[in-house]
Structures are given as structure tokens and as C-alpha cells.
$ cat query_21.cif   # mmCIF, C-alpha atoms
data_query
#
loop_
_atom_site.group_PDB
_atom_site.id
_atom_site.type_symbol
_atom_site.label_atom_id
_atom_site.label_comp_id
_atom_site.auth_asym_id
_atom_site.auth_seq_id
_atom_site.Cartn_x
_atom_site.Cartn_y
_atom_site.Cartn_z
ATOM 1 C CA MET A 1 16.994 9.720 12.972
ATOM 2 C CA LEU A 2 17.228 6.304 11.273
ATOM 3 C CA VAL A 3 13.744 5.411 12.520
ATOM 4 C CA GLN A 4 12.216 8.589 11.075
ATOM 5 C CA LEU A 5 13.985 8.066 7.734
ATOM 6 C CA TYR A 6 12.704 4.496 7.751
ATOM 7 C CA ARG A 7 9.142 5.711 8.330
ATOM 8 C CA ILE A 8 9.368 8.211 5.463
ATOM 9 C CA SER A 9 10.898 5.567 3.187
ATOM 10 C CA VAL A 10 8.084 3.119 3.983
ATOM 11 C CA VAL A 11 5.463 5.814 3.340
ATOM 12 C CA LEU A 12 7.038 6.545 -0.050
ATOM 13 C CA GLU A 13 7.108 2.830 -0.856
ATOM 14 C CA ILE A 14 3.436 2.408 0.041
ATOM 15 C CA LEU A 15 2.460 5.466 -2.008
ATOM 16 C CA LEU A 16 4.340 4.176 -5.067
ATOM 17 C CA PHE A 17 2.672 0.749 -4.916
ATOM 18 C CA PRO A 18 -0.379 1.527 -7.125
ATOM 19 C CA TRP A 19 1.920 3.118 -9.739
ATOM 20 C CA ILE A 20 4.198 0.124 -10.388
ATOM 21 C CA ASN A 21 2.226 -0.913 -13.488
ATOM 22 C CA SER A 22 1.889 2.600 -14.912
ATOM 23 C CA GLY A 23 4.818 2.278 -17.291
ATOM 24 C CA LEU A 24 6.503 5.376 -15.879
ATOM 25 C CA GLY A 25 9.598 3.537 -14.612
ATOM 26 C CA ILE A 26 8.358 3.652 -11.014
ATOM 27 C CA GLU A 27 8.509 -0.135 -10.573
ATOM 28 C CA VAL A 28 12.320 -0.175 -10.233
ATOM 29 C CA ILE A 29 12.276 2.600 -7.603
ATOM 30 C CA PHE A 30 9.472 0.815 -5.741
ATOM 31 C CA TYR A 31 11.321 -2.510 -5.556
ATOM 32 C CA LEU A 32 14.555 -0.783 -4.528
ATOM 33 C CA LEU A 33 12.738 0.938 -1.655
ATOM 34 C CA LEU A 34 10.996 -2.330 -0.813
ATOM 35 C CA VAL A 35 14.274 -4.243 -0.447
ATOM 36 C CA ILE A 36 15.916 -1.454 1.570
ATOM 37 C CA ASN A 37 12.914 -1.129 3.895
ATOM 38 C CA ILE A 38 12.632 -4.886 4.426
ATOM 39 C CA CYS A 39 16.331 -5.021 5.388
ATOM 40 C CA ILE A 40 15.956 -2.113 7.838
ATOM 41 C CA GLY A 41 12.749 -3.652 9.250
ATOM 42 C CA ALA A 42 14.552 -6.978 9.728
ATOM 43 C CA TYR A 43 17.331 -5.138 11.567
ATOM 44 C CA PHE A 44 14.821 -3.438 13.888
ATOM 45 C CA MET A 45 13.128 -6.781 14.532
ATOM 46 C CA TRP A 46 16.451 -8.397 15.403
ATOM 47 C CA ALA A 47 17.629 -5.433 17.526
ATOM 48 C CA LYS A 48 14.418 -5.251 19.573
ATOM 49 C CA ASN A 49 13.912 -9.027 19.837
ATOM 50 C CA HIS A 50 10.439 -8.865 18.307
ATOM 51 C CA LYS A 51 8.664 -12.150 17.727
ATOM 52 C CA LEU A 52 6.077 -13.017 15.110
ATOM 53 C CA LEU A 53 2.544 -12.457 16.327
ATOM 54 C CA TYR A 54 -0.332 -14.859 15.752
ATOM 55 C CA ILE A 55 -1.796 -12.456 13.203
ATOM 56 C CA ASP A 56 1.497 -12.621 11.256
ATOM 57 C CA LEU A 57 1.305 -16.407 11.178
ATOM 58 C CA LEU A 58 -2.368 -16.292 10.169
ATOM 59 C CA VAL A 59 -1.660 -13.922 7.274
ATOM 60 C CA THR A 60 1.297 -16.091 6.235
ATOM 61 C CA VAL A 61 -0.856 -19.231 6.115
ATOM 62 C CA PHE A 62 -3.602 -17.396 4.192
ATOM 63 C CA ILE A 63 -1.176 -16.118 1.567
ATOM 64 C CA LEU A 64 0.534 -19.473 1.146
ATOM 65 C CA ALA A 65 -2.770 -21.359 0.933
ATOM 66 C CA PHE A 66 -4.819 -19.090 -1.317
ATOM 67 C CA LEU A 67 -2.563 -16.736 -3.239
ATOM 68 C CA LEU A 68 0.235 -19.061 -4.340
ATOM 69 C CA ASN A 69 -1.538 -20.597 -7.308
ATOM 70 C CA PRO A 70 0.421 -23.599 -8.652
ATOM 71 C CA SER A 71 -0.143 -22.398 -12.231
ATOM 72 C CA SER A 72 1.880 -19.297 -11.436
ATOM 73 C CA TYR A 73 5.067 -21.382 -11.371
ATOM 74 C CA TRP A 74 4.898 -21.598 -15.161
ATOM 75 C CA GLU A 75 5.406 -17.846 -15.474
ATOM 76 C CA SER A 76 8.759 -16.557 -16.666
ATOM 77 C CA LEU A 77 11.151 -15.349 -13.992
ATOM 78 C CA GLY A 78 10.674 -11.645 -13.269
ATOM 79 C CA LEU A 79 9.427 -9.066 -10.793
ATOM 80 C CA THR A 80 5.852 -9.432 -12.058
ATOM 81 C CA ALA A 81 5.716 -13.213 -11.458
ATOM 82 C CA VAL A 82 3.335 -14.188 -8.658
ATOM 83 C CA TYR A 83 5.838 -16.561 -7.046
ATOM 84 C CA ILE A 84 8.257 -13.614 -6.743
ATOM 85 C CA ARG A 85 5.803 -10.900 -5.687
ATOM 86 C CA VAL A 86 3.861 -12.806 -3.029
ATOM 87 C CA PRO A 87 6.851 -13.885 -0.864
ATOM 88 C CA VAL A 88 8.341 -10.387 -1.205
ATOM 89 C CA PHE A 89 5.118 -8.718 -0.055
ATOM 90 C CA LEU A 90 4.828 -11.303 2.724
ATOM 91 C CA LEU A 91 8.300 -10.362 3.958
ATOM 92 C CA ARG A 92 7.295 -6.721 3.667
ATOM 93 C CA TYR A 93 4.328 -7.298 5.959
ATOM 94 C CA VAL A 94 6.268 -9.317 8.547
ATOM 95 C CA PHE A 95 9.118 -6.800 8.808
ATOM 96 C CA LEU A 96 6.860 -3.752 9.194
ATOM 97 C CA VAL A 97 7.744 -3.662 12.884
ATOM 98 C CA SER A 98 6.551 -1.041 15.369
ATOM 99 C CA PHE A 99 5.500 1.249 12.544
ATOM 100 C CA SER A 100 3.299 4.179 13.501
ATOM 101 C CA PHE A 101 1.585 6.118 10.722
ATOM 102 C CA SER A 102 0.576 8.829 13.182
ATOM 103 C CA ARG A 103 4.167 10.112 13.248
ATOM 104 C CA VAL A 104 4.263 10.614 9.477
ATOM 105 C CA LEU A 105 0.559 11.093 8.779
ATOM 106 C CA PRO A 106 0.843 14.632 7.304
ATOM 107 C CA ILE A 107 3.414 13.367 4.756
ATOM 108 C CA PHE A 108 1.326 10.267 4.053
ATOM 109 C CA SER A 109 -1.903 12.299 3.640
ATOM 110 C CA LEU A 110 -0.223 14.744 1.271
ATOM 111 C CA GLY A 111 1.212 11.844 -0.748
ATOM 112 C CA VAL A 112 -2.201 10.147 -0.957
ATOM 113 C CA LEU A 113 -3.775 13.415 -2.108
ATOM 114 C CA VAL A 114 -1.155 13.933 -4.839
ATOM 115 C CA SER A 115 -1.433 10.288 -5.964
ATOM 116 C CA SER A 116 -5.241 10.437 -6.111
ATOM 117 C CA VAL A 117 -5.333 13.729 -8.022
ATOM 118 C CA MET A 118 -2.733 12.454 -10.520
ATOM 119 C CA ALA A 119 -4.715 9.245 -11.067
ATOM 120 C CA LEU A 120 -7.931 11.209 -11.657
ATOM 121 C CA TYR A 121 -6.227 13.717 -13.959
ATOM 122 C CA LEU A 122 -4.436 11.099 -16.093
ATOM 123 C CA TRP A 123 -7.639 9.045 -16.315
ATOM 124 C CA SER A 124 -9.467 12.138 -17.582
ATOM 125 C CA LEU A 125 -6.811 12.359 -20.324
ATOM 126 C CA GLY A 126 -7.730 8.871 -21.517
ATOM 127 C CA MET A 127 -5.325 6.619 -19.584
ATOM 128 C CA GLY A 128 -6.717 3.186 -18.715
ATOM 129 C CA ASP A 129 -10.313 2.042 -19.134
ATOM 130 C CA GLN A 130 -12.717 4.752 -20.294
ATOM 131 C CA TRP A 131 -15.657 3.332 -18.291
ATOM 132 C CA ARG A 132 -14.069 2.828 -14.883
ATOM 133 C CA LEU A 133 -10.917 4.091 -13.250
ATOM 134 C CA ASN A 134 -8.227 1.420 -13.365
ATOM 135 C CA TYR A 135 -5.201 3.636 -13.960
ATOM 136 C CA PRO A 136 -2.412 3.523 -12.767
ATOM 137 C CA TYR A 137 -2.425 -0.026 -11.340
ATOM 138 C CA GLY A 138 -4.404 -1.588 -14.185
ATOM 139 C CA ASP A 139 -6.681 -3.766 -12.052
ATOM 140 C CA PRO A 140 -9.673 -1.831 -10.633
ATOM 141 C CA ASN A 141 -10.197 -4.426 -7.869
ATOM 142 C CA MET A 142 -6.666 -4.116 -6.515
ATOM 143 C CA GLN A 143 -6.533 -0.371 -7.062
ATOM 144 C CA GLY A 144 -9.825 0.159 -5.243
ATOM 145 C CA PHE A 145 -8.567 -1.917 -2.334
ATOM 146 C CA ILE A 146 -5.264 0.020 -2.176
ATOM 147 C CA PHE A 147 -6.897 3.463 -2.116
ATOM 148 C CA GLY A 148 -9.568 2.230 0.296
ATOM 149 C CA THR A 149 -6.753 1.121 2.600
ATOM 150 C CA TYR A 150 -5.183 4.571 2.301
ATOM 151 C CA ALA A 151 -8.447 6.158 3.437
ATOM 152 C CA LEU A 152 -8.761 3.712 6.339
ATOM 153 C CA ILE A 153 -5.210 4.372 7.562
ATOM 154 C CA ILE A 154 -5.785 8.135 7.544
ATOM 155 C CA LEU A 155 -9.160 7.875 9.307
ATOM 156 C CA ILE A 156 -7.776 5.620 12.038
ATOM 157 C CA GLU A 157 -4.507 7.464 12.649
ATOM 158 C CA ARG A 158 -5.426 11.133 12.284
ATOM 159 C CA LYS A 159 -5.313 13.229 15.427
ATOM 160 C CA GLU A 160 -4.290 16.558 13.931
ATOM 161 C CA LYS A 161 -6.144 19.832 13.956
ATOM 162 C CA GLY A 162 -6.204 22.831 11.639
ATOM 163 C CA TRP A 163 -4.676 22.640 8.163
ATOM 164 C CA ARG A 164 -3.257 19.143 8.740
ATOM 165 C CA LYS A 165 -6.717 17.795 9.479
ATOM 166 C CA MET A 166 -8.031 19.546 6.360
ATOM 167 C CA ILE A 167 -5.358 17.896 4.180
ATOM 168 C CA SER A 168 -6.091 14.466 5.646
ATOM 169 C CA THR A 169 -9.840 14.979 5.088
ATOM 170 C CA ILE A 170 -9.316 15.965 1.444
ATOM 171 C CA ALA A 171 -6.971 12.976 1.017
ATOM 172 C CA VAL A 172 -9.686 10.626 2.331
ATOM 173 C CA ILE A 173 -12.289 12.149 -0.022
ATOM 174 C CA SER A 174 -9.957 11.868 -3.040
ATOM 175 C CA SER A 175 -9.094 8.255 -2.138
ATOM 176 C CA LEU A 176 -12.766 7.332 -1.859
ATOM 177 C CA ALA A 177 -13.375 9.029 -5.229
ATOM 178 C CA ILE A 178 -10.812 6.633 -6.761
ATOM 179 C CA VAL A 179 -12.566 3.743 -5.022
ATOM 180 C CA LEU A 180 -16.025 4.748 -6.286
ATOM 181 C CA LEU A 181 -14.907 5.454 -9.855
ATOM 182 C CA GLY A 182 -13.204 2.044 -9.945
ATOM 183 C CA ALA A 183 -16.648 0.398 -9.651
ATOM 184 C CA SER A 184 -15.287 -3.063 -8.832
ATOM 185 C CA ARG A 185 -15.547 -5.845 -6.251
ATOM 186 C CA GLY A 186 -12.352 -4.629 -4.598
ATOM 187 C CA SER A 187 -13.837 -1.137 -4.367
ATOM 188 C CA THR A 188 -17.016 -2.465 -2.749
ATOM 189 C CA LEU A 189 -14.973 -4.536 -0.289
ATOM 190 C CA SER A 190 -12.729 -1.625 0.664
ATOM 191 C CA LEU A 191 -15.732 0.677 1.149
ATOM 192 C CA ALA A 192 -17.342 -1.938 3.392
ATOM 193 C CA ILE A 193 -14.136 -2.274 5.449
ATOM 194 C CA VAL A 194 -13.771 1.515 5.797
ATOM 195 C CA SER A 195 -17.432 1.845 6.853
ATOM 196 C CA PHE A 196 -17.180 -1.046 9.328
ATOM 197 C CA CYS A 197 -13.846 -0.005 10.894
ATOM 198 C CA TYR A 198 -14.503 3.688 11.231
#

$ encode --input "query_21.cif" --output "C-alpha cells"
Amino acid sequence: MLVQLYRISVVLEILLFPWINSGLGIEVIFYLLLVINICIGAYFMWAKNHKLLYIDLLVTVFILAFLLNPSSYWESLGLTAVYIRVPVFLLRYVFLVSFSFSRVLPIFSLGVLVSSVMALYLWSLGMGDQWRLNYPYGDPNMQGFIFGTYALIILIERKEKGWRKMISTIAVISSLAIVLLGASRGSTLSLAIVSFCY
């Protein structure tokens, strides 16, 4: 029961990620879920005696070497500061232990579909940049990469048939629409990764 609740909580956290800069008060909920999920993931890691894999160490070194810009230390203390966000997201990655999207894929696909449709609808109302879709996250590169990752996860994990497969297919199409309308380097990179991996 706890494992399934943890999976649903992580899915909700991942779906809220592109909305943290939208100004809708979602950032507080996102960080609350993030802290709770990291604590539960740490517990699972300790209980099952999991060890860090080489890929974990590689990602850690990459983040520390390239993403921790020394100039970021001059930012004021807050949740948006790079020196706060990067270690938190690093912990989030490390403690995502034995997580299987296939067990919660219908919920994840439905969430991706709702998120994509909301982003497209609010952009059509004039939110964000009028030339390319950068709402809700604000940065079209990062947003394109996030929604491209959503599409990749669904394509890799889906094994359903019938209406569940139809929802996951529509979710992939809507995610790729966000990626294409973002028209950025991150969008191009995520499209290349999706094409290469699938």
C-alpha cells in the first residue's frame, strides 16, 4: 500500500514540475511532495540495502561539475536559487529507487494529457511568449525537455491495450505538440532522444 501511494505521489510530483513557475501557487505543493517523496525513497533505499549505481555517481559528478555555477552563490537564499534546487533535484534522482512507471502508467498518461492540454489552452489565451510555447515553465528549452521526457517514458513503459493505450498515445502526441511549439534547443534535443530511444 505504501509503495503504491509512493508511486502515485512521485507521479504527481513529476507532473507538477513544469508548473512550478506558473504563478498558480503550485511551487509550494511541488516542494512539499518532493521532500516527502525523497524521505520515503531514502527509507526504501535503507530498508532494501540499495547501493548507488555507477550511473548515479556519473550523474552526480556531471551535475556538480557543470550545473553548479559559482556565480549562482551570489543569489539570495530561496527555493529558486540554483544552489538550492540542484542538490535537491540530485537527491530526488538518487532516491528514486526501484520505481516502475509501468505500474502507474495510466495515471501518469492521463496527467500528462491534462497538463499538455492546459498548457496549450492557456498559451492560446495569451500566457507566456506569443511566438513560441514557453508557458507554464517559462523557459522553452527546459519545458521542451520535460515534455519530451514525458513522451519517452510513456513510449518505453506502455504495455496496455484498448482505451489505456489510446490515452497513452494521445498523451504522447500532446506532449510532442508542446515540444514542437516550444521551438527551442531543448525541444530539438528531446525530440532527438525520443527518436533515438524508441

$ resolve_selection --input "query_21.cif" --expression "the PyMOL selection byres ((chain A and resi 177) around 10)" --output "ChimeraX atom specification"
/A:116-117,120,133,144,147-148,171-176,178-182

$ atom_distance --input "query_21.cif" --atom1 "CA of Glu13 (chain A)" --atom2 "CA of Leu34 (chain A)"
6.5 Å

$ closest_residue --input "query_21.cif" --among "A:Asn21, A:Asn37, A:Ser168, A:Ser102" --to "Leu5 (chain A)" --atoms "all atoms listed in the file"
A:Asn37

$ atom_distance --input "query_21.cif" --atom1 "CA of Ile146 (chain A)" --atom2 "CA of Val3 (chain A)"
24.6 Å

$ atom_distance --input "query_21.cif" --atom1 "CA of Val114 (chain A)" --atom2 "CA of Ile29 (chain A)"
17.8 Å

$ residues_near_point --input "query_21.cif" --point "(12.0, -1.4, -1.4)" --cutoff "10 Å" --atoms "all atoms listed in the file" --output "PyMOL selection string"
chain A and resi 9-10+12-14+27-39+88+92

$ closest_residue --input "query_21.cif" --among "A:Ile167, A:Thr188, A:Leu152, A:Arg132" --to "Phe101 (chain A)" --atoms "only C-alpha atoms"
A:Leu152

$ residues_around --input "query_21.cif" --residues "Tyr135 (chain A)" --least-positions-apart "6" --cutoff "9 Å" --atoms "all atoms listed in the file" --output "list of chain:residue names"
A:Pro18, A:Trp19, A:Asn21, A:Ser22, A:Ala119, A:Leu120, A:Leu122, A:Trp123, A:Met127, A:Gly128, A:Asp129, A:Gln143

$ residues_around --input "query_21.cif" --residues "Ser109 (chain A)" --least-positions-apart "4" --cutoff "10 Å" --atoms "all atoms listed in the file" --output "JSON, numbers by chain"
{"A": [11, 15, 104, 105, 113, 114, 115, 150, 151, 153, 154, 158, 164, 165, 166, 167, 168, 169, 170, 171, 172]}
